[in-house]
file model.cif (mmCIF, C-alpha atoms)
data_data
loop_
_atom_site.label_atom_id
_atom_site.label_comp_id
_atom_site.auth_asym_id
_atom_site.auth_seq_id
_atom_site.Cartn_x
_atom_site.Cartn_y
_atom_site.Cartn_z
CA MET A 244 0.00 0.00 0.00
CA LYS A 245 1.32 3.41 -0.88
CA TYR A 246 1.89 5.40 2.30
CA ARG A 247 -0.40 8.37 2.62
CA SER A 248 0.41 10.13 5.85
CA LEU A 249 3.10 12.66 6.70
CA ALA A 250 5.37 11.33 3.99
CA LEU A 251 2.73 12.12 1.36
CA LEU A 252 2.25 15.63 2.73
CA SER A 253 5.98 16.29 2.87
CA ALA A 254 7.22 14.59 -0.30
CA LEU A 255 8.57 17.85 -1.69
CA VAL A 256 10.64 18.70 1.35
CA LEU A 257 11.99 15.44 2.75
CA GLY A 258 14.98 13.64 1.32
CA ALA A 259 16.11 10.06 1.10
CA GLY A 260 18.59 8.57 3.53
CA LEU A 261 20.27 5.43 4.77
CA PRO A 262 18.88 1.94 4.19
CA ALA A 263 17.58 0.00 7.16
CA CYS A 264 17.48 -3.58 8.34
CA SER A 265 15.39 -5.47 10.83
CA SER A 266 15.47 -8.27 13.33
CA SER A 267 13.74 -9.12 16.56
CA GLY A 268 14.89 -11.03 19.58
CA ASP A 269 13.01 -14.13 20.60
CA SER A 270 13.44 -14.23 24.38
CA ALA A 271 12.60 -11.99 27.28
CA SER A 272 16.29 -11.40 27.98
CA ASP A 273 18.00 -10.86 24.66
CA GLY A 274 19.69 -7.51 25.23
CA ALA A 275 23.01 -6.57 26.73
CA GLY A 276 23.64 -7.73 30.29
CA GLY A 277 20.45 -9.78 30.45
CA SER A 278 18.18 -6.81 29.72
CA THR A 279 15.22 -7.05 27.38
CA GLY A 280 16.07 -6.10 23.81
CA LEU A 281 13.24 -4.02 22.37
CA ASP A 282 13.17 -3.73 18.58
CA VAL A 283 11.47 -0.62 17.20
CA TRP A 284 10.92 0.47 13.60
CA LEU A 285 10.65 4.21 13.09
CA MET A 286 10.33 5.78 9.67
CA ARG A 287 12.76 7.98 7.76
CA ASP A 288 12.41 11.63 8.92
CA SER A 289 10.27 10.63 11.88
CA VAL A 290 13.06 11.74 14.19
CA SER A 291 16.40 13.43 13.74
CA ALA A 292 19.61 11.67 14.76
CA GLU A 293 19.95 14.16 17.61
CA PHE A 294 16.44 13.54 18.95
CA GLN A 295 16.83 9.78 18.60
CA LYS A 296 20.03 9.81 20.63
CA GLU A 297 18.49 12.02 23.33
CA PHE A 298 15.40 9.82 23.58
CA GLU A 299 17.36 6.56 23.68
CA THR A 300 19.56 7.90 26.47
CA GLY A 301 16.62 9.19 28.49
CA PHE A 302 14.52 6.08 27.96
CA GLU A 303 17.21 3.61 28.94
CA LYS A 304 18.09 5.68 32.00
CA ALA A 305 14.45 5.61 33.10
CA HIS A 306 14.08 1.92 32.16
CA PRO A 307 17.47 0.24 32.73
CA GLY A 308 16.00 -3.22 32.13
CA ILE A 309 15.23 -2.42 28.49
CA ASP A 310 17.86 -2.29 25.75
CA LEU A 311 16.27 -0.09 23.07
CA LYS A 312 17.10 -0.87 19.44
CA ILE A 313 15.62 1.71 17.06
CA GLN A 314 15.95 0.95 13.36
CA ILE A 315 15.09 3.55 10.72
CA GLN A 316 12.96 2.27 7.84
CA GLU A 317 12.36 3.73 4.39
CA TRP A 318 8.83 4.59 3.25
CA GLU A 319 9.36 2.97 -0.15
CA GLY A 320 8.04 -0.58 0.09
CA ILE A 321 7.23 -0.34 3.78
CA GLY A 322 3.68 -1.66 3.36
CA GLU A 323 4.87 -5.02 2.09
CA LYS A 324 7.59 -5.16 4.73
CA VAL A 325 5.17 -4.52 7.60
CA THR A 326 2.67 -7.02 6.23
CA ALA A 327 5.39 -9.67 6.08
CA ALA A 328 6.55 -8.85 9.61
CA LEU A 329 3.04 -9.16 11.04
CA ALA A 330 2.66 -12.59 9.46
CA SER A 331 6.01 -13.83 10.75
CA ASN A 332 7.23 -15.09 14.12
CA ASP A 333 10.04 -12.55 14.14
CA ALA A 334 8.28 -9.18 14.12
CA PRO A 335 9.69 -6.05 15.76
CA ASP A 336 8.05 -5.00 19.01
CA VAL A 337 6.87 -1.55 17.88
CA ILE A 338 6.27 -0.21 14.38
CA GLU A 339 5.54 3.32 13.19
CA VAL A 340 2.90 3.31 10.46
CA GLY A 341 1.05 6.02 8.57
CA ASN A 342 -2.17 6.89 10.38
CA THR A 343 -4.34 5.81 7.45
CA GLN A 344 -2.56 2.46 7.20
CA VAL A 345 -3.69 1.11 10.55
CA ALA A 346 -7.03 -0.31 9.35
CA GLN A 347 -5.27 -2.35 6.68
CA TYR A 348 -2.99 -4.03 9.23
CA ALA A 349 -5.68 -4.39 11.89
CA GLN A 350 -8.03 -6.14 9.49
CA SER A 351 -5.66 -9.10 9.32
CA GLY A 352 -5.72 -9.51 13.10
CA GLY A 353 -2.02 -8.82 13.30
CA LEU A 354 -2.04 -5.93 15.80
CA THR A 355 -2.35 -5.65 19.56
CA ASP A 356 -5.55 -4.03 20.83
CA PHE A 357 -4.91 -1.12 23.20
CA SER A 358 -8.55 -0.21 23.84
CA ASP A 359 -8.28 -0.83 27.58
CA ARG A 360 -5.22 1.43 27.89
CA VAL A 361 -6.41 4.51 26.00
CA GLU A 362 -7.20 6.42 29.19
CA GLU A 363 -3.73 5.69 30.58
CA LEU A 364 -2.23 7.20 27.42
CA GLY A 365 -4.30 10.40 27.61
CA GLY A 366 -6.54 9.41 24.74
CA ASP A 367 -9.27 11.91 25.62
CA THR A 368 -7.15 14.70 24.12
CA TRP A 369 -5.68 12.89 21.11
CA LEU A 370 -6.00 14.57 17.73
CA GLU A 371 -9.01 13.05 15.98
CA GLY A 372 -7.13 12.84 12.69
CA LEU A 373 -4.66 10.41 14.31
CA ALA A 374 -6.89 8.61 16.80
CA GLU A 375 -9.87 7.85 14.57
CA PRO A 376 -7.92 6.11 11.77
CA GLY A 377 -5.94 4.31 14.49
CA SER A 378 -9.09 2.40 15.42
CA TYR A 379 -10.81 -0.41 13.57
CA ASP A 380 -14.11 -2.13 14.34
CA GLY A 381 -14.36 -0.16 17.56
CA LYS A 382 -10.94 -1.14 18.89
CA GLN A 383 -7.86 1.07 19.25
CA TYR A 384 -4.81 -0.44 17.57
CA GLY A 385 -2.82 2.67 16.60
CA ILE A 386 -1.50 5.11 19.20
CA PRO A 387 -1.16 8.70 17.88
CA TYR A 388 2.49 9.69 17.43
CA TYR A 389 2.71 13.02 15.55
CA ALA A 390 0.81 14.98 12.93
CA ALA A 391 1.24 17.40 10.04
CA ASN A 392 -1.24 19.14 7.79
CA ARG A 393 -1.58 21.84 5.20
CA VAL A 394 -1.67 25.57 5.86
CA VAL A 395 -1.75 28.64 3.64
CA ILE A 396 1.77 29.81 2.74
CA HIS A 397 1.59 33.41 1.59
CA ARG A 398 3.79 36.23 0.32
CA THR A 399 3.76 38.86 3.04
CA ASP A 400 5.06 41.54 0.66
CA LEU A 401 2.30 40.96 -1.90
CA PHE A 402 -0.30 40.99 0.86
CA GLU A 403 1.05 44.31 2.12
CA GLN A 404 1.04 45.81 -1.38
CA ALA A 405 -2.58 44.76 -1.83
CA GLY A 406 -3.56 46.16 1.55
CA VAL A 407 -4.46 42.74 2.92
CA ASP A 408 -3.86 41.86 6.58
CA ALA A 409 -3.41 38.08 6.77
CA SER A 410 -4.04 38.06 10.52
CA ARG A 411 -7.60 39.23 9.89
CA ILE A 412 -8.46 36.43 7.47
CA ARG A 413 -10.63 34.09 9.53
CA THR A 414 -13.44 33.00 7.21
CA ARG A 415 -13.75 31.66 3.70
CA ASP A 416 -15.53 34.81 2.58
CA GLN A 417 -12.69 36.98 3.89
CA TRP A 418 -10.20 34.66 2.24
CA THR A 419 -11.79 34.80 -1.20
CA ALA A 420 -12.21 38.58 -0.96
CA ALA A 421 -8.52 38.96 -0.10
CA THR A 422 -7.47 36.52 -2.81
CA ARG A 423 -9.47 38.47 -5.37
CA LYS A 424 -7.50 41.61 -4.42
CA LEU A 425 -4.24 39.70 -4.82
CA ASP A 426 -5.18 38.29 -8.23
CA LYS A 427 -4.12 41.39 -10.16
CA GLY A 428 -1.16 43.05 -11.83
CA GLY A 429 0.29 39.85 -13.26
CA ASN A 430 0.15 38.04 -9.93
CA GLN A 431 -1.93 34.96 -9.13
CA GLY A 432 -4.10 35.38 -6.06
CA ILE A 433 -3.58 31.70 -5.31
CA TYR A 434 -2.01 28.78 -7.13
CA LEU A 435 -4.44 25.91 -6.56
CA PRO A 436 -4.10 22.89 -8.86
CA GLY A 437 -7.37 21.40 -9.98
CA GLN A 438 -6.77 17.96 -8.51
CA ASN A 439 -5.67 18.77 -4.97
CA TRP A 440 -8.29 16.45 -3.51
CA TYR A 441 -6.92 16.61 0.05
CA VAL A 442 -7.78 20.32 0.09
CA LEU A 443 -11.23 19.56 -1.31
CA SER A 444 -11.69 16.98 1.46
CA GLY A 445 -11.32 19.69 4.08
CA PHE A 446 -13.97 21.80 2.40
CA VAL A 447 -16.28 18.76 2.25
CA TRP A 448 -15.85 18.12 5.97
CA ASP A 449 -16.50 21.78 6.74
CA GLU A 450 -19.79 21.50 4.91
CA GLY A 451 -20.78 18.46 6.95
CA GLY A 452 -20.14 15.84 4.25
CA ASP A 453 -17.56 13.12 3.66
CA LEU A 454 -15.86 11.37 0.78
CA ALA A 455 -17.64 8.13 1.67
CA VAL A 456 -20.06 7.13 4.41
CA LYS A 457 -20.90 3.78 5.99
CA SER A 458 -24.56 3.00 6.45
CA GLY A 459 -26.12 -0.35 7.22
CA GLY A 460 -22.72 -2.00 7.00
CA GLU A 461 -22.08 -0.74 3.48
CA TRP A 462 -19.76 2.01 2.27
CA LYS A 463 -21.09 4.48 -0.27
CA GLY A 464 -19.41 7.35 -2.10
CA GLY A 465 -20.41 10.76 -0.74
CA LEU A 466 -19.30 13.24 -3.38
CA ASP A 467 -22.85 13.68 -4.67
CA SER A 468 -24.28 14.84 -1.34
CA PRO A 469 -25.46 18.49 -1.13
CA ALA A 470 -22.64 19.21 1.35
CA ALA A 471 -19.93 17.82 -0.94
CA LEU A 472 -21.36 19.69 -3.92
CA ARG A 473 -21.21 22.95 -1.97
CA ALA A 474 -17.57 22.19 -1.15
CA MET A 475 -16.71 21.59 -4.79
CA ASP A 476 -18.38 24.84 -5.76
CA PHE A 477 -16.24 26.72 -3.25
CA TYR A 478 -13.12 24.96 -4.56
CA ARG A 479 -14.07 25.97 -8.11
CA ARG A 480 -14.46 29.62 -7.18
CA LEU A 481 -11.20 29.71 -5.22
CA GLN A 482 -9.25 27.87 -7.92
CA ALA A 483 -10.39 30.45 -10.49
CA LEU A 484 -8.46 33.18 -8.62
CA GLY A 485 -5.18 31.92 -10.07
CA GLN A 486 -3.79 29.99 -12.98
CA GLY A 487 -3.42 26.55 -11.47
CA PRO A 488 -3.83 23.69 -13.96
CA LYS A 489 -7.24 22.05 -13.94
CA ASP A 490 -5.97 18.58 -14.82
CA SER A 491 -3.07 17.93 -12.42
CA ASP A 492 -2.24 17.99 -8.73
CA GLU A 493 0.17 19.87 -6.48
CA ALA A 494 3.11 17.67 -7.50
CA GLN A 495 2.83 18.20 -11.25
CA PRO A 496 4.44 20.67 -11.43
CA PRO A 497 5.66 21.03 -7.84
CA GLN A 498 3.66 23.94 -6.50
CA ALA A 499 6.47 25.25 -4.28
CA GLU A 500 8.61 25.66 -7.39
CA VAL A 501 5.77 27.52 -9.11
CA MET A 502 5.49 29.91 -6.17
CA ALA A 503 9.26 30.42 -6.21
CA LYS A 504 8.97 32.05 -9.64
CA GLY A 505 7.65 35.13 -7.87
CA GLN A 506 4.12 35.75 -9.12
CA VAL A 507 2.03 33.62 -6.76
CA ALA A 508 0.56 35.12 -3.60
CA GLN A 509 -0.55 31.89 -1.90
CA ILE A 510 -0.36 28.12 -2.01
CA ILE A 511 -1.87 25.47 0.28
CA ALA A 512 0.90 23.19 1.53
CA VAL A 513 2.75 21.92 4.57
CA PRO A 514 4.96 24.67 6.08
CA GLY A 515 8.09 22.87 4.90
CA GLY A 516 7.18 23.98 1.41
CA ALA A 517 8.42 27.44 2.39
CA LYS A 518 11.97 26.08 2.63
CA VAL A 519 11.74 24.78 -0.93
CA ILE A 520 10.47 28.15 -2.13
CA GLU A 521 13.36 29.99 -0.46
CA GLU A 522 15.90 27.52 -1.81
CA LYS A 523 14.60 28.00 -5.33
CA ASN A 524 14.35 31.78 -4.96
CA PRO A 525 16.54 33.23 -2.17
CA GLU A 526 15.02 36.68 -2.82
CA LEU A 527 11.85 35.44 -1.12
CA LYS A 528 13.60 34.62 2.13
CA GLY A 529 11.83 36.48 4.93
CA LYS A 530 8.82 37.22 2.73
CA LEU A 531 6.76 34.12 3.48
CA GLY A 532 4.13 33.73 6.17
CA PHE A 533 1.57 31.17 7.30
CA PHE A 534 -2.03 31.02 8.44
CA PRO A 535 -4.49 28.15 8.95
CA ILE A 536 -6.88 27.35 6.12
CA PRO A 537 -9.89 29.52 7.00
CA GLY A 538 -13.19 27.97 8.04
CA LYS A 539 -16.78 28.79 7.18
CA THR A 540 -17.06 30.90 10.32
CA ALA A 541 -14.56 32.90 12.33
CA ASP A 542 -14.80 30.75 15.45
CA ARG A 543 -12.64 27.90 14.08
CA PRO A 544 -10.14 27.19 11.27
CA GLY A 545 -11.13 25.00 8.36
CA SER A 546 -10.96 21.23 8.51
CA VAL A 547 -7.80 19.66 7.13
CA PHE A 548 -6.55 16.24 6.19
CA THR A 549 -4.30 15.12 9.04
CA GLY A 550 -1.21 13.31 7.92
CA GLY A 551 1.10 11.71 10.41
CA SER A 552 1.90 8.46 12.12
CA ASP A 553 0.61 6.06 14.74
CA LEU A 554 2.57 3.47 16.69
CA VAL A 555 1.40 -0.14 16.62
CA VAL A 556 2.51 -3.37 18.28
CA PRO A 557 2.38 -6.64 16.33
CA ALA A 558 0.25 -9.29 18.04
CA VAL A 559 3.22 -11.68 17.76
CA ALA A 560 5.72 -9.23 19.30
CA ALA A 561 7.74 -10.93 22.01
CA HIS A 562 7.80 -8.03 24.46
CA GLN A 563 4.30 -6.64 24.76
CA GLU A 564 4.63 -4.83 28.09
CA GLU A 565 7.99 -3.31 27.23
CA ALA A 566 6.53 -2.18 23.90
CA PHE A 567 3.73 -0.42 25.74
CA THR A 568 6.29 1.25 28.00
CA PHE A 569 8.10 2.59 24.94
CA ILE A 570 4.87 3.91 23.43
CA ARG A 571 3.80 5.51 26.71
CA GLU A 572 7.11 7.39 26.89
CA LEU A 573 7.37 8.53 23.26
CA THR A 574 3.72 9.60 23.06
CA GLY A 575 3.71 11.14 26.54
CA ASP A 576 3.61 14.87 27.09
CA ALA A 577 7.29 15.42 27.93
CA TRP A 578 8.75 13.74 24.83
CA GLN A 579 5.94 14.97 22.59
CA LYS A 580 6.84 18.58 23.39
CA LYS A 581 10.49 17.93 22.64
CA LEU A 582 9.69 16.10 19.42
CA ALA A 583 7.39 18.86 18.21
CA VAL A 584 10.05 21.53 18.73
CA ALA A 585 12.87 19.41 17.30
CA MET A 586 11.01 18.28 14.17
CA SER A 587 8.38 21.03 13.65
CA TYR A 588 5.58 18.46 14.04
CA VAL A 589 2.17 18.89 15.62
CA PRO A 590 2.03 17.02 18.96
CA ASN A 591 -0.43 14.16 19.28
CA LYS A 592 -2.71 15.93 21.78
CA THR A 593 -4.73 19.14 21.41
CA THR A 594 -3.51 20.18 24.87
CA LEU A 595 0.10 20.35 23.67
CA ALA A 596 -0.34 22.85 20.84
CA GLY A 597 1.37 25.54 22.91
CA ALA A 598 4.68 23.69 22.55
CA VAL A 599 5.01 24.98 18.97
CA ALA A 600 3.67 28.49 19.54
CA ASP A 601 7.03 30.07 18.71
CA ASP A 602 7.22 28.43 15.26
CA PRO A 603 4.79 30.29 12.94
CA GLY A 604 4.41 27.49 10.42
CA THR A 605 3.96 24.74 12.97
CA ALA A 606 1.64 26.90 15.08
CA ALA A 607 -0.58 27.39 12.02
CA MET A 608 -0.53 23.62 11.48
CA ALA A 609 -1.48 22.96 15.10
CA ALA A 610 -4.45 25.32 14.86
CA GLY A 611 -5.72 23.41 11.84
CA ALA A 612 -4.88 20.00 13.30
CA ALA A 613 -7.37 20.58 16.10
CA HIS A 614 -10.03 20.17 13.38
CA GLY A 615 -8.21 17.55 11.37
CA ARG A 616 -9.73 14.45 9.83
CA ALA A 617 -8.55 11.42 7.89
CA THR A 618 -9.80 9.57 4.85
CA PRO A 619 -12.63 7.03 5.31
CA ASN A 620 -11.49 4.39 7.77
CA THR A 621 -11.62 1.26 5.64
CA PRO A 622 -8.81 -0.98 4.39
CA GLN A 623 -10.24 -0.61 0.88
CA TRP A 624 -9.64 3.13 0.72
CA ALA A 625 -6.19 2.51 -0.78
CA ALA A 626 -7.94 1.01 -3.80
CA VAL A 627 -10.00 4.20 -4.17
CA GLU A 628 -6.84 6.29 -4.19
CA ALA A 629 -5.29 3.98 -6.77
CA LYS A 630 -8.18 4.71 -9.17
CA ASN A 631 -8.65 8.24 -7.82
CA PRO A 632 -12.05 9.13 -9.26
CA ILE A 633 -11.98 12.22 -7.05
CA LYS A 634 -9.26 13.78 -9.20
CA GLU A 635 -11.14 13.00 -12.39
CA TYR A 636 -14.31 14.46 -10.89
CA MET A 637 -12.58 17.70 -9.91
CA THR A 638 -11.13 18.19 -13.38
CA ALA A 639 -14.52 17.48 -14.96
CA VAL A 640 -16.21 20.18 -12.87
CA LEU A 641 -13.43 22.71 -13.40
CA THR A 642 -13.60 22.21 -17.17
CA GLY A 643 -17.34 22.81 -17.32
CA LYS A 644 -19.08 19.48 -16.78
CA ASP A 645 -22.26 19.48 -14.69
CA ALA A 646 -21.13 19.03 -11.07
CA ALA A 647 -24.06 16.89 -9.95
CA SER A 648 -23.69 14.32 -12.72
CA ALA A 649 -19.90 14.21 -12.40
CA ALA A 650 -20.22 13.76 -8.63
CA ALA A 651 -22.75 10.95 -9.05
CA GLU A 652 -20.41 9.14 -11.43
CA ALA A 653 -17.43 9.48 -9.07
CA SER A 654 -19.52 8.37 -6.10
CA ARG A 655 -20.60 5.24 -7.97
CA THR A 656 -16.97 4.37 -8.62
CA ILE A 657 -16.11 4.87 -4.93
CA THR A 658 -19.07 2.73 -3.86
CA GLU A 659 -18.08 -0.09 -6.22
CA THR A 660 -14.45 0.05 -5.09
CA LEU A 661 -15.36 -0.05 -1.39
CA GLY A 662 -17.88 -2.84 -1.94
CA SER A 663 -15.48 -5.59 -0.93
CA ASP A 664 -15.30 -4.08 2.57
CA SER A 665 -19.08 -4.01 3.05
#

call {"tool": "encode", "arguments": {"input": "model.cif", "output": "structure tokens"}}
result
Amino acid sequence: MKYRSLALLSALVLGAGLPACSSSGDSASDGAGGSTGLDVWLMRDSVSAEFQKEFETGFEKAHPGIDLKIQIQEWEGIGEKVTAALASNDAPDVIEVGNTQVAQYAQSGGLTDFSDRVEELGGDTWLEGLAEPGSYDGKQYGIPYYAANRVVIHRTDLFEQAGVDASRIRTRDQWTAATRKLDKGGNQGIYLPGQNWYVLSGFVWDEGGDLAVKSGGEWKGGLDSPAALRAMDFYRRLQALGQGPKDSDEAQPPQAEVMAKGQVAQIIAVPGGAKVIEEKNPELKGKLGFFPIPGKTADRPGSVFTGGSDLVVPAVAAHQEEAFTFIRELTGDAWQKKLAVAMSYVPNKTTLAGAVADDPGTAAMAAGAAHGRATPNTPQWAAVEAKNPIKEYMTAVLTGKDAASAAAEASRTITETLGSDS
């Protein structure tokens, strides 16, 4: 399964690194000096080398009976590797997985159920966009680790020239009015590709709809609901305030590189995109700002797709209690605050948003993450993304096709694709 969490959000700003290997001890005392060896798989760019070293030192000092062995895995091919590990007798004790991948692994019965320990882990304040996809059939298998989501990256100089105060943009109406002012003099008010379906998803959720809904045990596509149609209409009007292509997504061409050319006032991206823009055009350094995607009303930011990771424990893992101890530490408040600052991530709990208040991009992410969601929680959703009728639907509407008929067609495709999970 193609990973779809933080790595998907950050593909333009994260690089490749060292290869990884894996192994797991088979006895309760397989570490140095008779201690328990705990094998953990974390993903590339999940932690920095500095944070990893600090955490390992602190963890082993607090838990001298556990010999922690963290191995960094690559996202490419990780789905097949995790699936194989879960089916083996030699699985690692803890695995980081994309938040939307949990249902796939849980369906096979290969994960440990943590439902009775949610309260102990502070689950009442977990971000919904991490916690909800971490559950399957009413049981909690994935423990929220960290999050990331899209914000509006904007040119502060162009906003000033147009007389627009970004700090006062709180609603969609204010946003479109400001964008209309910015869409003049050879500049694009916003560069919004026609197939950025994650952005559309947020608008759908704001309207009270969803991409697919489960009713009577059956999944059905939801793009043809009145709420989803209103969302697509808003997307159409916003997209028209720039010159984004109607038939491609944010990666083709890379939207950060488009903004770096100097005539785009806004894009919707993870904050790390600002680094790419500055690298491509150093003249824009210090001229980029961030704000959460505005909502329908001023009392809350817009809904966003929450990317990120959960931690899971294979059912066959040899060291279940030690694995829980590791998860409790890494997802606990103290290390979450440190991780958020070190990696510019959103912490896993809404109560920890203040930890990133001094980082403008991450603070904007955290404000949006409080209203974050994930794609429909079914193992079959990966098959929907493989066909991606949502992208085709968006292009159809943006090129003049009747929205209701195009939405009905896309919803039928989603319903048929999800049918095997009914």

call {"tool": "atom_distance", "arguments": {"input": "model.cif", "atom1": "atom CA of Ala421 of chain A", "atom2": "atom CA of Val513 of chain A"}}
result
21.0 Å

call {"tool": "atom_distance", "arguments": {"input": "model.cif", "atom1": "atom CA of Asn524 of chain A", "atom2": "atom CA of Asp492 of chain A"}}
result
21.9 Å

call {"tool": "atom_distance", "arguments": {"input": "model.cif", "atom1": "atom CA of Val361 of chain A", "atom2": "atom CA of Leu582 of chain A"}}
result
20.9 Å

call {"tool": "resolve_selection", "arguments": {"input": "model.cif", "expression": "the PyMOL selection byres ((chain A and resi 299-310) around 7)", "output": "JSON, numbers by chain"}}
result
{"A": [274, 275, 278, 279, 280, 281, 295, 296, 297, 298, 311, 312]}

call {"tool": "residues_near_point", "arguments": {"input": "model.cif", "point": "(-26.8, 18.9, -7.1)", "cutoff": "9 Å", "atoms": "all atoms listed in the file", "output": "compact mmCIF listing (two decimals) with C-alpha atoms, in the coordinates of the input"}}
result
# COMPACT_ATOMS: atom_id res chain seq x y z
CA ASP A 467 -22.85 13.68 -4.67
CA SER A 468 -24.28 14.84 -1.34
CA PRO A 469 -25.46 18.49 -1.13
CA LEU A 472 -21.36 19.69 -3.92
CA ARG A 473 -21.21 22.95 -1.97
CA ASP A 645 -22.26 19.48 -14.69
CA ALA A 646 -21.13 19.03 -11.07
CA ALA A 647 -24.06 16.89 -9.95
CA SER A 648 -23.69 14.32 -12.72
CA ALA A 650 -20.22 13.76 -8.63

call {"tool": "resolve_selection", "arguments": {"input": "model.cif", "expression": "the PyMOL selection byres ((chain A and resi 414) around 6)", "output": "NGL selection string"}}
result
:A and (413 or 415-417 or 537-541)

call {"tool": "closest_residue", "arguments": {"input": "model.cif", "among": "A:Ile412, A:Leu364, A:Ile633, A:Ala346", "to": "Leu573 of chain A", "atoms": "all atoms listed in the file"}}
result
A:Leu364

call {"tool": "residues_around", "arguments": {"input": "model.cif", "residues": "segment 365-381 of chain A", "least_positions_apart": "3", "cutoff": "6 Å", "atoms": "only C-alpha atoms", "output": "list in words"}}
result
Asn342, Thr343, Val345, Ala346, Val361, Glu362, Tyr384, Gly385, Pro387, Thr549, Asn591, Lys592, Thr593, Gly615, Arg616, Ala617 and Asn620 of chain A

call {"tool": "closest_residue", "arguments": {"input": "model.cif", "among": "A:Ile396, A:Pro544, A:Met586, A:Leu661", "to": "Lys518 of chain A", "atoms": "only C-alpha atoms"}}
result
A:Ile396

call {"tool": "closest_residue", "arguments": {"input": "model.cif", "among": "A:Trp440, A:Tyr434, A:Phe569, A:Trp418", "to": "Pro632 of chain A", "atoms": "all atoms listed in the file"}}
result
A:Trp440

call {"tool": "resolve_selection", "arguments": {"input": "model.cif", "expression": "the PyMOL selection byres ((chain A and resi 351-359) around 9)", "output": "NGL selection string"}}
result
:A and (326 or 329-330 or 345-350 or 360-363 or 378 or 381-386 or 555-560 or 563)

call {"tool": "write_last_selection", "arguments": {"input": "model.cif", "atoms": "C-alpha atoms", "output": "short mmCIF file (atom, residue, chain, number, x, y, z; two decimals), keeping the file's coordinate frame"}}
result
data_model
loop_
_atom_site.label_atom_id
_atom_site.label_comp_id
_atom_site.auth_asym_id
_atom_site.auth_seq_id
_atom_site.Cartn_x
_atom_site.Cartn_y
_atom_site.Cartn_z
CA THR A 326 2.67 -7.02 6.23
CA LEU A 329 3.04 -9.16 11.04
CA ALA A 330 2.66 -12.59 9.46
CA VAL A 345 -3.69 1.11 10.55
CA ALA A 346 -7.03 -0.31 9.35
CA GLN A 347 -5.27 -2.35 6.68
CA TYR A 348 -2.99 -4.03 9.23
CA ALA A 349 -5.68 -4.39 11.89
CA GLN A 350 -8.03 -6.14 9.49
CA ARG A 360 -5.22 1.43 27.89
CA VAL A 361 -6.41 4.51 26.00
CA GLU A 362 -7.20 6.42 29.19
CA GLU A 363 -3.73 5.69 30.58
CA SER A 378 -9.09 2.40 15.42
CA GLY A 381 -14.36 -0.16 17.56
CA LYS A 382 -10.94 -1.14 18.89
CA GLN A 383 -7.86 1.07 19.25
CA TYR A 384 -4.81 -0.44 17.57
CA GLY A 385 -2.82 2.67 16.60
CA ILE A 386 -1.50 5.11 19.20
CA VAL A 555 1.40 -0.14 16.62
CA VAL A 556 2.51 -3.37 18.28
CA PRO A 557 2.38 -6.64 16.33
CA ALA A 558 0.25 -9.29 18.04
CA VAL A 559 3.22 -11.68 17.76
CA ALA A 560 5.72 -9.23 19.30
CA GLN A 563 4.30 -6.64 24.76
#

call {"tool": "axis_aligned_box", "arguments": {"input": "model.cif", "around": "segment 327-342 of chain A", "padding_each_side": "4 Å", "output": "lines of an AutoDock Vina configuration file"}}
result
center_x = 3.9
center_y = -4.1
center_z = 12.5
size_x = 20.2
size_y = 30.0
size_z = 20.9

call {"tool": "closest_residue", "arguments": {"input": "model.cif", "among": "A:Gly459, A:Gly465, A:Gly406, A:Gly320", "to": "Ala653 of chain A", "atoms": "only C-alpha atoms"}}
result
A:Gly465

call {"tool": "closest_residue", "arguments": {"input": "model.cif", "among": "A:Ile313, A:Ala508, A:Leu443, A:Ala517", "to": "Val290 of chain A", "atoms": "all atoms listed in the file"}}
result
A:Ile313

call {"tool": "closest_residue", "arguments": {"input": "model.cif", "among": "A:Gln482, A:Gln506, A:Thr658, A:Thr399", "to": "Gly429 of chain A", "atoms": "only C-alpha atoms"}}
result
A:Gln506

call {"tool": "residues_around", "arguments": {"input": "model.cif", "residues": "Val442 of chain A", "least_positions_apart": "6", "cutoff": "8 Å", "atoms": "all atoms listed in the file", "output": "list in words"}}
result
Ile511, Val547 and Phe548 of chain A

call {"tool": "residues_around", "arguments": {"input": "model.cif", "residues": "Pro603 of chain A", "least_positions_apart": "5", "cutoff": "9 Å", "atoms": "only C-alpha atoms", "output": "mmCIF file with C-alpha atoms, keeping the file's coordinate frame"}}
result
data_model
loop_
_atom_site.group_PDB
_atom_site.id
_atom_site.type_symbol
_atom_site.label_atom_id
_atom_site.label_comp_id
_atom_site.auth_asym_id
_atom_site.auth_seq_id
_atom_site.Cartn_x
_atom_site.Cartn_y
_atom_site.Cartn_z
ATOM 1 C CA PRO A 514 4.960 24.670 6.080
ATOM 2 C CA GLY A 532 4.130 33.730 6.170
ATOM 3 C CA PHE A 533 1.570 31.170 7.300
ATOM 4 C CA PHE A 534 -2.030 31.020 8.440
ATOM 5 C CA MET A 608 -0.530 23.620 11.480
#

call {"tool": "residues_around", "arguments": {"input": "model.cif", "residues": "Gln509 of chain A", "least_positions_apart": "6", "cutoff": "12 Å", "atoms": "only C-alpha atoms", "output": "PyMOL selection string"}}
result
chain A and resi 394-402+409+418-419+421-423+425-426+430-436+481-482+484-487+498-499+501-503+516-517+520+530-534+536

call {"tool": "residues_around", "arguments": {"input": "model.cif", "residues": "Lys581 of chain A", "least_positions_apart": "4", "cutoff": "9 Å", "atoms": "only C-alpha atoms", "output": "list in words"}}
result
Phe294, Asp576, Ala577, Ala585, Met586 and Ala598 of chain A

call {"tool": "write_last_selection", "arguments": {"input": "model.cif", "atoms": "C-alpha atoms", "output": "compact mmCIF listing (two decimals), in the frame of the given file"}}
result
# COMPACT_ATOMS: atom_id res chain seq x y z
CA PHE A 294 16.44 13.54 18.95
CA ASP A 576 3.61 14.87 27.09
CA ALA A 577 7.29 15.42 27.93
CA ALA A 585 12.87 19.41 17.30
CA MET A 586 11.01 18.28 14.17
CA ALA A 598 4.68 23.69 22.55
